[in-house]
file input_30.txt (compact mmCIF, C-alpha atoms (C1' of nucleotides))
# COMPACT_ATOMS: atom_id res chain seq x y z
CA MET A 1 3.31 -6.48 -15.61
CA ARG A 2 4.87 -9.53 -14.21
CA LEU A 3 8.13 -7.82 -14.98
CA LEU A 4 7.92 -5.32 -12.22
CA ARG A 5 6.57 -7.57 -9.54
CA GLY A 6 9.91 -8.82 -8.37
CA HIS A 7 10.49 -5.47 -6.85
CA ALA A 8 7.78 -6.00 -4.25
CA ALA A 9 9.50 -8.83 -2.44
CA THR A 10 12.86 -7.09 -2.60
CA THR A 11 11.58 -3.85 -1.17
CA ARG A 12 9.62 -5.69 1.47
CA ALA A 13 12.71 -7.54 2.60
CA LEU A 14 14.74 -4.35 2.90
CA ASN A 15 11.94 -2.65 4.72
CA ALA A 16 11.51 -5.47 7.20
CA ASP A 17 15.21 -5.38 7.99
CA LEU A 18 15.17 -1.69 8.59
CA VAL A 19 12.06 -1.79 10.74
CA ALA A 20 13.36 -4.64 12.82
CA SER A 21 16.79 -3.18 13.45
CA HIS A 22 16.07 0.53 13.71
CA GLY A 23 12.35 1.09 13.69
CA LEU A 24 12.54 2.91 10.38
CA THR A 25 10.46 2.42 7.27
CA ILE A 26 12.22 2.49 3.96
CA ASN A 27 10.57 5.79 3.38
CA ASP A 28 11.63 7.04 6.78
CA TYR A 29 15.18 6.13 5.95
CA GLU A 30 15.02 7.62 2.51
CA THR A 31 13.60 10.83 3.95
CA LEU A 32 16.46 11.18 6.40
CA LEU A 33 18.86 10.47 3.57
CA LEU A 34 17.34 13.09 1.32
CA LEU A 35 17.45 15.64 4.10
CA ALA A 36 21.03 14.79 4.98
CA ARG A 37 22.05 15.41 1.42
CA ALA A 38 20.09 18.61 1.07
CA GLU A 39 21.55 22.00 1.69
CA ASP A 40 21.26 22.90 5.37
CA GLY A 41 19.64 19.54 5.99
CA ARG A 42 16.29 20.98 5.08
CA LEU A 43 13.78 20.43 2.31
CA ARG A 44 10.32 21.60 1.42
CA ARG A 45 7.56 19.06 1.67
CA VAL A 46 6.93 19.31 -2.00
CA ASP A 47 10.49 18.45 -2.87
CA LEU A 48 10.47 15.58 -0.48
CA ALA A 49 7.33 14.31 -2.17
CA GLU A 50 9.04 14.40 -5.52
CA GLY A 51 12.13 12.67 -4.24
CA LEU A 52 10.18 9.96 -2.50
CA LEU A 53 7.61 9.52 -5.21
CA LEU A 54 4.82 10.17 -2.74
CA THR A 55 1.90 12.57 -2.74
CA PRO A 56 2.11 15.65 -0.55
CA SER A 57 -0.32 14.14 1.88
CA GLY A 58 1.80 11.06 2.13
CA VAL A 59 4.73 13.25 3.03
CA THR A 60 2.74 15.06 5.70
CA ARG A 61 1.94 11.78 7.32
CA LEU A 62 5.45 10.45 7.00
CA LEU A 63 6.86 13.57 8.60
CA ASN A 64 4.34 13.39 11.43
CA GLY A 65 5.96 10.17 12.46
CA LEU A 66 9.51 11.39 12.09
CA GLU A 67 8.71 14.57 13.99
CA ALA A 68 7.11 12.61 16.78
CA ALA A 69 10.26 10.54 16.94
CA GLY A 70 12.35 13.70 17.07
CA LEU A 71 14.26 12.84 13.94
CA VAL A 72 13.16 15.86 11.97
CA GLY A 73 11.82 19.26 12.94
CA LYS A 74 10.00 22.09 11.24
CA ALA A 75 11.25 25.44 10.09
CA GLU A 76 9.56 28.31 8.36
CA CYS A 77 10.67 29.79 5.14
CA PRO A 78 11.43 33.48 5.55
CA GLY A 79 10.52 34.31 1.98
CA ASP A 80 7.37 32.24 1.59
CA ALA A 81 4.92 31.70 4.41
CA ARG A 82 3.33 28.75 2.65
CA VAL A 83 6.26 26.44 3.03
CA THR A 84 7.29 24.54 6.11
CA TYR A 85 10.72 23.05 5.82
CA ALA A 86 11.47 19.64 7.18
CA VAL A 87 14.88 19.85 8.84
CA LEU A 88 17.03 17.00 9.98
CA THR A 89 17.69 17.11 13.72
CA GLU A 90 20.90 15.94 15.30
CA ALA A 91 19.07 12.83 16.45
CA GLY A 92 17.91 12.28 12.91
CA ARG A 93 21.41 12.50 11.56
CA GLU A 94 22.62 10.05 14.16
CA LYS A 95 19.82 7.66 13.40
CA LEU A 96 20.68 7.77 9.74
CA GLU A 97 24.33 7.08 10.41
CA GLU A 98 23.39 4.28 12.71
CA ALA A 99 21.06 2.66 10.22
CA SER A 100 23.08 3.16 7.06
CA PRO A 101 25.72 0.46 7.36
CA GLY A 102 23.19 -2.29 7.89
CA HIS A 103 20.87 -1.05 5.22
CA LEU A 104 23.61 -0.65 2.66
CA ALA A 105 24.87 -4.10 3.49
CA ALA A 106 21.39 -5.51 3.00
CA ILE A 107 21.13 -3.80 -0.36
CA ARG A 108 24.46 -5.22 -1.33
CA THR A 109 23.52 -8.76 -0.43
CA LEU A 110 20.33 -8.40 -2.38
CA PHE A 111 21.89 -6.86 -5.44
CA GLU A 112 25.55 -7.48 -5.71
CA GLU A 113 24.92 -11.08 -4.92
CA ARG A 114 22.69 -11.34 -7.94
CA PHE A 115 24.28 -8.97 -10.40
CA SER A 116 27.75 -8.19 -11.58
CA PRO A 117 28.81 -4.54 -11.49
CA ALA A 118 28.30 -4.31 -15.23
CA GLU A 119 24.83 -5.74 -14.97
CA LEU A 120 24.01 -3.33 -12.20
CA ASP A 121 25.00 -0.48 -14.44
CA VAL A 122 22.79 -1.74 -17.21
CA LEU A 123 19.90 -2.30 -14.84
CA ALA A 124 20.25 1.15 -13.34
CA GLY A 125 20.35 2.72 -16.76
CA LEU A 126 17.27 0.91 -17.95
CA LEU A 127 15.25 1.51 -14.83
CA ALA A 128 16.16 5.15 -14.79
CA ARG A 129 14.27 5.50 -18.03
CA LEU A 130 11.12 4.27 -16.39
CA SER A 131 10.92 7.34 -14.25
CA GLU A 132 11.73 9.73 -17.01
CA ALA A 133 8.95 11.94 -18.20
CA GLY A 134 7.07 9.93 -20.75
CA GLU A 135 4.86 12.68 -21.91
CA ASP A 136 3.69 14.91 -19.13
CA GLU A 137 4.69 12.93 -16.11
CA GLU A 138 6.72 14.40 -13.32
CA THR A 139 10.43 14.14 -13.75
CA CYS A 140 12.56 12.65 -11.06
CA SER A 141 16.03 11.39 -10.54
CA ALA A 142 16.25 7.64 -10.63
CA MET B 1 16.87 2.02 -3.28
CA ARG B 2 16.32 4.82 -5.62
CA LEU B 3 16.75 2.20 -8.30
CA LEU B 4 13.48 0.50 -7.73
CA ARG B 5 11.38 3.53 -7.16
CA GLY B 6 10.68 4.17 -10.79
CA HIS B 7 8.43 1.21 -10.72
CA ALA B 8 5.97 2.92 -8.41
CA ALA B 9 4.95 5.61 -10.84
CA THR B 10 4.77 3.17 -13.71
CA THR B 11 2.56 0.73 -11.89
CA ARG B 12 0.42 3.52 -10.58
CA ALA B 13 -0.16 4.82 -14.06
CA LEU B 14 -1.17 1.41 -15.37
CA ASN B 15 -3.42 0.87 -12.41
CA ALA B 16 -5.13 4.21 -12.78
CA ASP B 17 -5.83 3.47 -16.43
CA LEU B 18 -7.33 0.14 -15.63
CA VAL B 19 -9.45 1.45 -12.78
CA ALA B 20 -10.74 4.34 -14.83
CA SER B 21 -11.65 2.32 -17.87
CA HIS B 22 -12.83 -0.96 -16.39
CA GLY B 23 -13.01 -0.63 -12.65
CA LEU B 24 -10.26 -3.18 -12.19
CA THR B 25 -7.17 -2.97 -10.04
CA ILE B 26 -3.92 -4.22 -11.50
CA ASN B 27 -4.19 -7.11 -9.11
CA ASP B 28 -7.78 -7.73 -10.14
CA TYR B 29 -6.68 -7.88 -13.73
CA GLU B 30 -3.73 -10.06 -13.00
CA THR B 31 -5.93 -12.41 -11.02
CA LEU B 32 -8.32 -12.82 -13.90
CA LEU B 33 -5.38 -13.37 -16.20
CA LEU B 34 -3.87 -16.02 -13.98
CA LEU B 35 -7.20 -17.79 -13.74
CA ALA B 36 -7.77 -17.61 -17.46
CA ARG B 37 -4.46 -19.28 -18.06
CA ALA B 38 -4.95 -21.92 -15.44
CA GLU B 39 -6.35 -25.31 -16.16
CA ASP B 40 -10.15 -25.24 -15.95
CA GLY B 41 -9.93 -21.53 -15.16
CA ARG B 42 -9.46 -22.34 -11.51
CA LEU B 43 -6.68 -21.90 -8.98
CA ARG B 44 -6.19 -22.44 -5.29
CA ARG B 45 -5.86 -19.34 -3.17
CA VAL B 46 -2.36 -20.31 -2.24
CA ASP B 47 -1.24 -20.51 -5.84
CA LEU B 48 -2.86 -17.22 -6.61
CA ALA B 49 -0.96 -15.71 -3.71
CA GLU B 50 2.29 -16.96 -5.10
CA GLY B 51 1.53 -15.75 -8.59
CA LEU B 52 0.47 -12.33 -7.42
CA LEU B 53 3.17 -11.96 -4.80
CA LEU B 54 0.55 -11.36 -2.14
CA THR B 55 -0.08 -12.95 1.23
CA PRO B 56 -2.95 -15.41 1.55
CA SER B 57 -5.01 -12.85 3.39
CA GLY B 58 -4.44 -10.35 0.65
CA VAL B 59 -5.79 -12.89 -1.80
CA THR B 60 -8.86 -13.51 0.31
CA ARG B 61 -9.65 -9.83 0.25
CA LEU B 62 -8.93 -9.46 -3.41
CA LEU B 63 -11.22 -12.36 -4.22
CA ASN B 64 -13.96 -10.95 -2.01
CA GLY B 65 -14.15 -8.03 -4.35
CA LEU B 66 -14.02 -10.09 -7.51
CA GLU B 67 -16.66 -12.43 -6.17
CA ALA B 68 -18.92 -9.56 -5.24
CA ALA B 69 -18.50 -8.29 -8.79
CA GLY B 70 -19.37 -11.73 -10.13
CA LEU B 71 -16.10 -12.10 -11.96
CA VAL B 72 -14.95 -15.16 -10.09
CA GLY B 73 -16.73 -17.84 -8.12
CA LYS B 74 -15.82 -20.52 -5.63
CA ALA B 75 -15.53 -24.23 -6.04
CA GLU B 76 -14.58 -26.96 -3.67
CA CYS B 77 -11.81 -29.38 -4.21
CA PRO B 78 -13.12 -32.92 -4.20
CA GLY B 79 -9.91 -34.38 -2.85
CA ASP B 80 -9.08 -31.82 -0.19
CA ALA B 81 -11.71 -30.10 1.87
CA ARG B 82 -9.33 -27.35 2.94
CA VAL B 83 -9.05 -25.75 -0.45
CA THR B 84 -11.52 -23.45 -2.08
CA TYR B 85 -10.80 -22.85 -5.71
CA ALA B 86 -11.27 -19.48 -7.27
CA VAL B 87 -12.86 -20.06 -10.64
CA LEU B 88 -13.23 -17.60 -13.46
CA THR B 89 -16.86 -16.97 -14.34
CA GLU B 90 -18.09 -16.24 -17.82
CA ALA B 91 -18.45 -12.60 -16.81
CA GLY B 92 -14.90 -12.66 -15.55
CA ARG B 93 -13.59 -13.98 -18.80
CA GLU B 94 -15.49 -11.35 -20.71
CA LYS B 95 -14.21 -8.62 -18.44
CA LEU B 96 -10.68 -9.79 -19.00
CA GLU B 97 -11.10 -9.81 -22.74
CA GLU B 98 -12.65 -6.42 -22.60
CA ALA B 99 -9.88 -4.93 -20.52
CA SER B 100 -6.90 -6.61 -22.14
CA PRO B 101 -6.49 -4.61 -25.31
CA GLY B 102 -6.35 -1.31 -23.51
CA HIS B 103 -4.12 -2.57 -20.79
CA LEU B 104 -1.70 -4.19 -23.17
CA ALA B 105 -1.62 -1.03 -25.22
CA ALA B 106 -0.85 0.98 -22.10
CA ILE B 107 1.97 -1.34 -21.22
CA ARG B 108 3.33 -1.02 -24.70
CA THR B 109 3.34 2.75 -24.62
CA LEU B 110 5.07 2.69 -21.28
CA PHE B 111 7.66 0.14 -22.22
CA GLU B 112 8.15 -0.24 -25.89
CA GLU B 113 8.28 3.49 -26.16
CA ARG B 114 11.23 3.56 -23.81
CA PHE B 115 13.06 0.35 -24.60
CA SER B 116 14.09 -1.52 -27.69
CA PRO B 117 13.10 -5.18 -27.86
CA ALA B 118 16.65 -6.17 -27.04
CA GLU B 119 16.69 -3.90 -24.02
CA LEU B 120 13.41 -5.33 -22.88
CA ASP B 121 14.89 -8.77 -23.00
CA VAL B 122 17.83 -7.70 -20.91
CA LEU B 123 15.61 -5.91 -18.45
CA ALA B 124 13.32 -8.87 -18.09
CA GLY B 125 16.26 -11.18 -17.55
CA LEU B 126 17.78 -9.00 -14.88
CA LEU B 127 14.57 -8.32 -13.05
CA ALA B 128 13.65 -11.97 -13.06
CA ARG B 129 16.65 -12.60 -10.90
CA LEU B 130 15.30 -10.28 -8.26
CA SER B 131 12.50 -12.62 -7.51
CA GLU B 132 14.62 -15.73 -7.52
CA ALA B 133 15.19 -17.40 -4.20
CA GLY B 134 18.08 -15.58 -2.62
CA GLU B 135 18.54 -17.91 0.28
CA ASP B 136 15.32 -19.13 1.75
CA GLU B 137 12.88 -16.84 0.09
CA GLU B 138 9.86 -18.12 -1.70
CA THR B 139 10.44 -18.95 -5.29
CA CYS B 140 8.23 -17.45 -7.91
CA SER B 141 8.07 -17.08 -11.62
CA ALA B 142 9.02 -13.61 -12.74
C1' DT C 1 -5.04 47.78 -6.01
C1' DC C 2 -7.57 43.95 -6.29
C1' DC C 3 -8.96 39.69 -8.43
C1' DG C 4 -7.90 35.13 -10.23
C1' DT C 5 -4.96 31.56 -10.57
C1' DA C 6 -1.27 28.82 -8.99
C1' DT C 7 1.37 26.80 -5.20
C1' DA C 8 2.30 24.69 -0.37
C1' DC C 9 0.35 22.11 2.79
C1' DT C 10 -3.22 19.56 5.78
C1' DT C 11 -7.24 16.79 6.72
C1' DG C 12 -11.10 13.23 6.37
C1' DA C 13 -12.47 9.26 4.25
C1' DG C 14 -11.50 5.23 2.07
C1' DT C 15 -8.50 1.38 -0.22
C1' DC C 16 -5.26 -2.13 -0.27
C1' DG C 17 -2.39 -4.91 1.89
C1' DT C 18 0.18 -6.76 6.07
C1' DC C 19 0.71 -9.49 10.39
C1' DA C 20 -0.80 -12.45 13.99
C1' DA C 21 -4.05 -15.41 15.57
C1' DC C 22 -7.19 -18.70 14.52
C1' DC C 23 -10.08 -22.70 12.56
C1' DA C 24 -10.43 -26.72 9.70
C1' DC C 25 -8.61 -30.34 7.34
C1' DT C 26 -4.79 -33.77 5.90
C1' DC C 27 -1.41 -36.98 6.69
C1' DC C 28 1.95 -39.68 8.87
C1' DA C 29 4.48 -41.90 12.81
C1' DG C 30 3.86 -44.68 16.52
C1' DC D 1 -6.57 -45.27 15.20
C1' DT D 2 -4.87 -41.31 17.30
C1' DG D 3 -2.06 -37.20 18.30
C1' DG D 4 0.85 -34.07 16.47
C1' DA D 5 2.82 -31.27 12.61
C1' DG D 6 1.99 -29.18 8.32
C1' DT D 7 -1.10 -26.85 4.98
C1' DG D 8 -5.20 -23.95 3.18
C1' DG D 9 -7.89 -20.34 4.31
C1' DT D 10 -10.24 -16.45 6.94
C1' DT D 11 -10.58 -12.66 10.27
C1' DG D 12 -9.45 -8.45 13.27
C1' DA D 13 -6.51 -4.85 14.01
C1' DC D 14 -3.67 -1.84 11.92
C1' DG D 15 -0.36 0.76 8.73
C1' DA D 16 0.82 3.27 4.65
C1' DC D 17 -0.96 5.56 0.91
C1' DT D 18 -4.21 7.91 -2.11
C1' DC D 19 -7.81 11.19 -3.59
C1' DA D 20 -10.70 15.07 -3.00
C1' DA D 21 -11.54 19.02 -0.70
C1' DG D 22 -10.21 22.84 2.02
C1' DT D 23 -7.02 26.59 4.01
C1' DA D 24 -3.51 29.87 3.49
C1' DT D 25 -0.20 32.33 1.03
C1' DA D 26 2.02 34.21 -3.39
C1' DC D 27 2.01 36.61 -7.55
C1' DG D 28 0.93 38.51 -12.24
C1' DG D 29 -2.02 41.30 -14.81
C1' DA D 30 -6.45 44.50 -15.70

call {"tool": "encode", "arguments": {"input": "input_30.txt", "output": "C-alpha cells"}}
result
Amino acid sequence: MRLLRGHAATTRALNADLVASHGLTINDYETLLLLARAEDGRLRRVDLAEGLLLTPSGVTRLLNGLEAAGLVGKAECPGDARVTYAVLTEAGREKLEEASPGHLAAIRTLFEERFSPAELDVLAGLLARLSEAGEDEETCSA
Amino acid sequence: MRLLRGHAATTRALNADLVASHGLTINDYETLLLLARAEDGRLRRVDLAEGLLLTPSGVTRLLNGLEAAGLVGKAECPGDARVTYAVLTEAGREKLEEASPGHLAAIRTLFEERFSPAELDVLAGLLARLSEAGEDEETCSA
DNA sequence: TCCGTATACTTGAGTCGTCAACCACTCCAG
DNA sequence: CTGGAGTGGTTGACGACTCAAGTATACGGA
C-alpha cells in the first residue's frame, strides 16, 4: 500500500508543528475540536473514540493527558451511570482557539499548495469512501 | 485532518489480516517486497528507511525482527564499511510469495471494491503529491 | 424478579515507532 | 596526512496505541 504511505509524513509534519507551538498532539487538538462542536461541549468516550478512530482505551489515555492539563473535565450522565462525559473546559476552549489559526494555516500550506480546490474536492470524496463501511466495519464521517 | 483519517482503519485492517495469516506486519511485508525488487535482493538500511517512510532506528528494529525470523540476513558492503546490507534470504522470499496472494487480494477488496480503475488512478496521482518535497522535505517515491 | 447479554469504561502488558545521543567510517580541504 | 564535516547505523528512553481482560451498569425477556 504504497498509496497510503504519503499520509504518514504529512500527518507527522502537522503534529510536530502543533506540539512545538502549543504542546498539543494532533489527537489532542482533534479531541478539543470534536468537543467544541458537540452539544454542550461534551461527548461520551465511546463517541470520541469513533470520531478519532481510536479504541476506547486509547481515548481513556488521551483524556488522561487533557484532564491533567485542565483542558477537559469529567461529568456524569444522569441517565446512565456507565458513561463519563468528557467536557471541554474554558481553558480547553481557549487553547483550541489559540491553536486553530496556526494549525489551519499549516494544513493549508500542506494541501492548498499542492492541490487546486477542485482536486481537493475530488480527493476528499475519494478518501471519504475509504472510511465507509465496507461490509461490517464501523461507520464514521470522513 | 479528518481527510486523512480514513487511512488508519484501512491500513489497520490490512495489517491485521497479514499478521493473522502470516505473522507479518505491513512493514515487514513491505520490507520483504522492497528487498525482493532490489538488485541482488539487498538494500542499505538508509534506503529501506526512505522506501518505508521510517526513521533509521525504526528500520533497525524492524530488521531485528525479520533477522530473528530468518527472513533477512546481513551483508557487508565491500566498498564502505559503514553500511550493512539487509539481504533477503531464501526463507524470506518464500514468505513473501506465500503472503502476497492474500495480501493483494485484501488490497483489492478494499480498493477495487470502492473505486473504479479511473478513480484509482486519480487517487494515486493526488496522493503521490502528498509525499513530494514540499519545501525541504525528504523526497520519496509514492 | 432475576438472569444473561450488551454497553461504557479502565487497566496491565506489550508493540511499534520516535528522538536524541552516540560510535564508526568516509572523504575532502588545507 | 590529518582534522573536520557528512553519512550509515545502533541504542536508551519514552510516547502513543492496541489487545485482552476485568469492572460496573443497563436492559430485555423467561

call {"tool": "atom_distance", "arguments": {"input": "input_30.txt", "atom1": "C1' of DA8 in chain C", "atom2": "C1' of DA26 in chain D"}}
result
10.0 Å

call {"tool": "residues_near_point", "arguments": {"input": "input_30.txt", "point": "(17.5, 9.9, 10.4)", "cutoff": "9 Å", "atoms": "all atoms listed in the file", "output": "PyMOL selection string"}}
result
chain A and resi 24+28-33+35-36+66+71-72+88-99

call {"tool": "calpha_fit_and_write", "arguments": {"input": "input_30.txt", "fixed": "chain B", "moving": "chain A", "output": "compact mmCIF listing (two decimals) with C-alpha atoms, in the coordinates of the input"}}
result
# COMPACT_ATOMS: atom_id res chain seq x y z
CA MET A 1 16.98 1.81 -3.19
CA ARG A 2 16.41 4.65 -5.49
CA LEU A 3 16.82 2.09 -8.22
CA LEU A 4 13.53 0.42 -7.69
CA ARG A 5 11.45 3.48 -7.09
CA GLY A 6 10.71 4.15 -10.71
CA HIS A 7 8.43 1.20 -10.66
CA ALA A 8 5.97 2.94 -8.36
CA ALA A 9 4.95 5.63 -10.80
CA THR A 10 4.77 3.16 -13.67
CA THR A 11 2.56 0.73 -11.83
CA ARG A 12 0.39 3.54 -10.55
CA ALA A 13 -0.17 4.83 -14.05
CA LEU A 14 -1.18 1.41 -15.35
CA ASN A 15 -3.44 0.88 -12.40
CA ALA A 16 -5.16 4.22 -12.81
CA ASP A 17 -5.85 3.45 -16.45
CA LEU A 18 -7.34 0.12 -15.65
CA VAL A 19 -9.48 1.44 -12.82
CA ALA A 20 -10.76 4.31 -14.88
CA SER A 21 -11.64 2.27 -17.95
CA HIS A 22 -12.82 -1.00 -16.45
CA GLY A 23 -13.04 -0.67 -12.71
CA LEU A 24 -10.27 -3.20 -12.22
CA THR A 25 -7.19 -2.97 -10.05
CA ILE A 26 -3.95 -4.21 -11.48
CA ASN A 27 -4.24 -7.08 -9.10
CA ASP A 28 -7.81 -7.72 -10.13
CA TYR A 29 -6.69 -7.88 -13.72
CA GLU A 30 -3.72 -10.05 -12.95
CA THR A 31 -5.94 -12.41 -10.98
CA LEU A 32 -8.33 -12.85 -13.88
CA LEU A 33 -5.35 -13.39 -16.14
CA LEU A 34 -3.85 -16.03 -13.90
CA LEU A 35 -7.16 -17.82 -13.67
CA ALA A 36 -7.71 -17.65 -17.41
CA ARG A 37 -4.38 -19.30 -17.98
CA ALA A 38 -4.88 -21.94 -15.34
CA GLU A 39 -6.27 -25.34 -16.06
CA ASP A 40 -10.06 -25.27 -15.88
CA GLY A 41 -9.89 -21.58 -15.10
CA ARG A 42 -9.45 -22.37 -11.45
CA LEU A 43 -6.69 -21.90 -8.90
CA ARG A 44 -6.21 -22.40 -5.21
CA ARG A 45 -5.90 -19.30 -3.11
CA VAL A 46 -2.42 -20.24 -2.14
CA ASP A 47 -1.27 -20.46 -5.72
CA LEU A 48 -2.89 -17.19 -6.53
CA ALA A 49 -1.03 -15.65 -3.62
CA GLU A 50 2.25 -16.91 -4.98
CA GLY A 51 1.51 -15.71 -8.47
CA LEU A 52 0.43 -12.29 -7.32
CA LEU A 53 3.10 -11.90 -4.69
CA LEU A 54 0.47 -11.29 -2.04
CA THR A 55 -0.19 -12.87 1.32
CA PRO A 56 -3.06 -15.32 1.62
CA SER A 57 -5.11 -12.77 3.45
CA GLY A 58 -4.55 -10.30 0.69
CA VAL A 59 -5.88 -12.84 -1.75
CA THR A 60 -8.96 -13.46 0.36
CA ARG A 61 -9.75 -9.81 0.29
CA LEU A 62 -9.02 -9.44 -3.39
CA LEU A 63 -11.30 -12.35 -4.21
CA ASN A 64 -14.06 -10.93 -2.03
CA GLY A 65 -14.23 -8.03 -4.40
CA LEU A 66 -14.08 -10.10 -7.55
CA GLU A 67 -16.72 -12.48 -6.23
CA ALA A 68 -18.98 -9.61 -5.33
CA ALA A 69 -18.55 -8.35 -8.86
CA GLY A 70 -19.39 -11.79 -10.21
CA LEU A 71 -16.10 -12.15 -12.00
CA VAL A 72 -14.96 -15.20 -10.10
CA GLY A 73 -16.76 -17.88 -8.13
CA LYS A 74 -15.85 -20.52 -5.60
CA ALA A 75 -15.53 -24.24 -5.98
CA GLU A 76 -14.59 -26.95 -3.56
CA CYS A 77 -11.81 -29.36 -4.05
CA PRO A 78 -13.08 -32.92 -4.01
CA GLY A 79 -9.85 -34.32 -2.65
CA ASP A 80 -9.05 -31.72 -0.01
CA ALA A 81 -11.72 -29.99 2.02
CA ARG A 82 -9.33 -27.24 3.06
CA VAL A 83 -9.06 -25.65 -0.33
CA THR A 84 -11.55 -23.39 -2.00
CA TYR A 85 -10.82 -22.85 -5.64
CA ALA A 86 -11.28 -19.49 -7.23
CA VAL A 87 -12.85 -20.10 -10.64
CA LEU A 88 -13.20 -17.65 -13.45
CA THR A 89 -16.84 -17.04 -14.37
CA GLU A 90 -18.00 -16.32 -17.88
CA ALA A 91 -18.40 -12.69 -16.88
CA GLY A 92 -14.87 -12.71 -15.58
CA ARG A 93 -13.52 -14.05 -18.83
CA GLU A 94 -15.41 -11.42 -20.76
CA LYS A 95 -14.16 -8.69 -18.50
CA LEU A 96 -10.62 -9.84 -19.01
CA GLU A 97 -11.00 -9.88 -22.77
CA GLU A 98 -12.57 -6.49 -22.66
CA ALA A 99 -9.82 -4.99 -20.55
CA SER A 100 -6.83 -6.67 -22.14
CA PRO A 101 -6.39 -4.66 -25.33
CA GLY A 102 -6.30 -1.35 -23.52
CA HIS A 103 -4.08 -2.60 -20.77
CA LEU A 104 -1.62 -4.21 -23.13
CA ALA A 105 -1.55 -1.06 -25.19
CA ALA A 106 -0.82 0.98 -22.07
CA ILE A 107 2.01 -1.36 -21.17
CA ARG A 108 3.39 -1.02 -24.64
CA THR A 109 3.35 2.75 -24.58
CA LEU A 110 5.07 2.71 -21.24
CA PHE A 111 7.70 0.18 -22.17
CA GLU A 112 8.21 -0.15 -25.84
CA GLU A 113 8.31 3.57 -26.08
CA ARG A 114 11.24 3.64 -23.72
CA PHE A 115 13.09 0.46 -24.55
CA SER A 116 14.13 -1.36 -27.65
CA PRO A 117 13.18 -5.03 -27.88
CA ALA A 118 16.74 -6.00 -27.03
CA GLU A 119 16.74 -3.77 -23.99
CA LEU A 120 13.45 -5.22 -22.89
CA ASP A 121 14.95 -8.66 -23.04
CA VAL A 122 17.88 -7.59 -20.95
CA LEU A 123 15.65 -5.84 -18.45
CA ALA A 124 13.36 -8.83 -18.16
CA GLY A 125 16.29 -11.13 -17.63
CA LEU A 126 17.81 -8.98 -14.94
CA LEU A 127 14.58 -8.35 -13.10
CA ALA A 128 13.68 -11.99 -13.18
CA ARG A 129 16.68 -12.63 -11.00
CA LEU A 130 15.31 -10.35 -8.35
CA SER A 131 12.48 -12.71 -7.65
CA GLU A 132 14.60 -15.79 -7.68
CA ALA A 133 15.14 -17.51 -4.40
CA GLY A 134 18.05 -15.76 -2.80
CA GLU A 135 18.44 -18.11 0.05
CA ASP A 136 15.17 -19.30 1.45
CA GLU A 137 12.75 -16.96 -0.21
CA GLU A 138 9.74 -18.18 -2.09
CA THR A 139 10.32 -18.90 -5.72
CA CYS A 140 8.14 -17.37 -8.34
CA SER A 141 8.03 -16.87 -12.03
CA ALA A 142 9.04 -13.40 -13.06

call {"tool": "interface_residues", "arguments": {"input": "input_30.txt", "of": "chain C", "to": "chain B", "cutoff": "12 Å", "atoms": "all atoms listed in the file", "output": "PyMOL selection string"}}
result
chain C and resi 15-20+23-27

call {"tool": "closest_residue", "arguments": {"input": "input_30.txt", "among": "D:DG28, D:DG3, D:DG8, D:DG15", "to": "Thr84 in chain B", "atoms": "only C-alpha atoms (C1' of nucleotides)"}}
result
D:DG8

call {"tool": "interface_residues", "arguments": {"input": "input_30.txt", "of": "chain D", "to": "chain A", "cutoff": "8 Å", "atoms": "all atoms listed in the file", "output": "list in words"}}
result
DC17, DT18, DA24, DT25 and DA26 of chain D

call {"tool": "write_last_selection", "arguments": {"input": "input_30.txt", "atoms": "C-alpha atoms (C1' of nucleotides)", "output": "mmCIF file, in the coordinates of the input"}}
result
data_model
loop_
_atom_site.group_PDB
_atom_site.id
_atom_site.type_symbol
_atom_site.label_atom_id
_atom_site.label_comp_id
_atom_site.auth_asym_id
_atom_site.auth_seq_id
_atom_site.Cartn_x
_atom_site.Cartn_y
_atom_site.Cartn_z
ATOM 1 C "C1'" DC D 17 -0.960 5.560 0.910
ATOM 2 C "C1'" DT D 18 -4.210 7.910 -2.110
ATOM 3 C "C1'" DA D 24 -3.510 29.870 3.490
ATOM 4 C "C1'" DT D 25 -0.200 32.330 1.030
ATOM 5 C "C1'" DA D 26 2.020 34.210 -3.390
#

call {"tool": "residues_near_point", "arguments": {"input": "input_30.txt", "point": "(7.1, 21.5, -4.3)", "cutoff": "10 Å", "atoms": "all atoms listed in the file", "output": "list in words"}}
result
Leu43, Arg44, Arg45, Val46, Asp47, Leu48, Ala49, Glu50, Pro56 and Val83 of chain A; DT7, DA8 and DC9 of chain C

call {"tool": "interface_residues", "arguments": {"input": "input_30.txt", "of": "chain A", "to": "chain B", "cutoff": "8 Å", "atoms": "all atoms listed in the file", "output": "PyMOL selection string"}}
result
chain A and resi 1-10+53+107+110-111+114-115+119+123-124+126-131+134+142

call {"tool": "atom_distance", "arguments": {"input": "input_30.txt", "atom1": "CA of Thr60 in chain B", "atom2": "C1' of DG4 in chain D"}}
result
27.9 Å

call {"tool": "residues_around", "arguments": {"input": "input_30.txt", "residues": "Lys74 in chain B", "least_positions_apart": "5", "cutoff": "8 Å", "atoms": "all atoms listed in the file", "output": "short mmCIF file (atom, residue, chain, number, x, y, z; two decimals) with C-alpha atoms, keeping the file's coordinate frame"}}
result
data_model
loop_
_atom_site.label_atom_id
_atom_site.label_comp_id
_atom_site.auth_asym_id
_atom_site.auth_seq_id
_atom_site.Cartn_x
_atom_site.Cartn_y
_atom_site.Cartn_z
CA THR B 84 -11.52 -23.45 -2.08
CA TYR B 85 -10.80 -22.85 -5.71
CA ALA B 86 -11.27 -19.48 -7.27
CA VAL B 87 -12.86 -20.06 -10.64
#

call {"tool": "atom_distance", "arguments": {"input": "input_30.txt", "atom1": "C1' of DG6 in chain D", "atom2": "CA of Asn15 in chain A"}}
result
28.6 Å

call {"tool": "decode", "arguments": {"input": "input_30.txt", "residues": "range 102-112 of chain B", "atoms": "C-alpha atoms", "output": "short mmCIF file (atom, residue, chain, number, x, y, z; two decimals), in the first residue's frame"}}
result
data_model
loop_
_atom_site.label_atom_id
_atom_site.label_comp_id
_atom_site.auth_asym_id
_atom_site.auth_seq_id
_atom_site.Cartn_x
_atom_site.Cartn_y
_atom_site.Cartn_z
CA GLY B 102 -3.72 -12.99 0.20
CA HIS B 103 -2.44 -9.53 0.80
CA LEU B 104 -3.01 -8.43 -2.75
CA ALA B 105 -6.48 -9.87 -2.63
CA ALA B 106 -7.19 -7.95 0.56
CA ILE B 107 -6.00 -4.76 -1.03
CA ARG B 108 -8.20 -5.41 -3.99
CA THR B 109 -11.30 -5.94 -1.90
CA LEU B 110 -10.57 -2.78 0.00
CA PHE B 111 -9.84 -0.65 -3.02
CA GLU B 112 -11.21 -2.03 -6.20
#
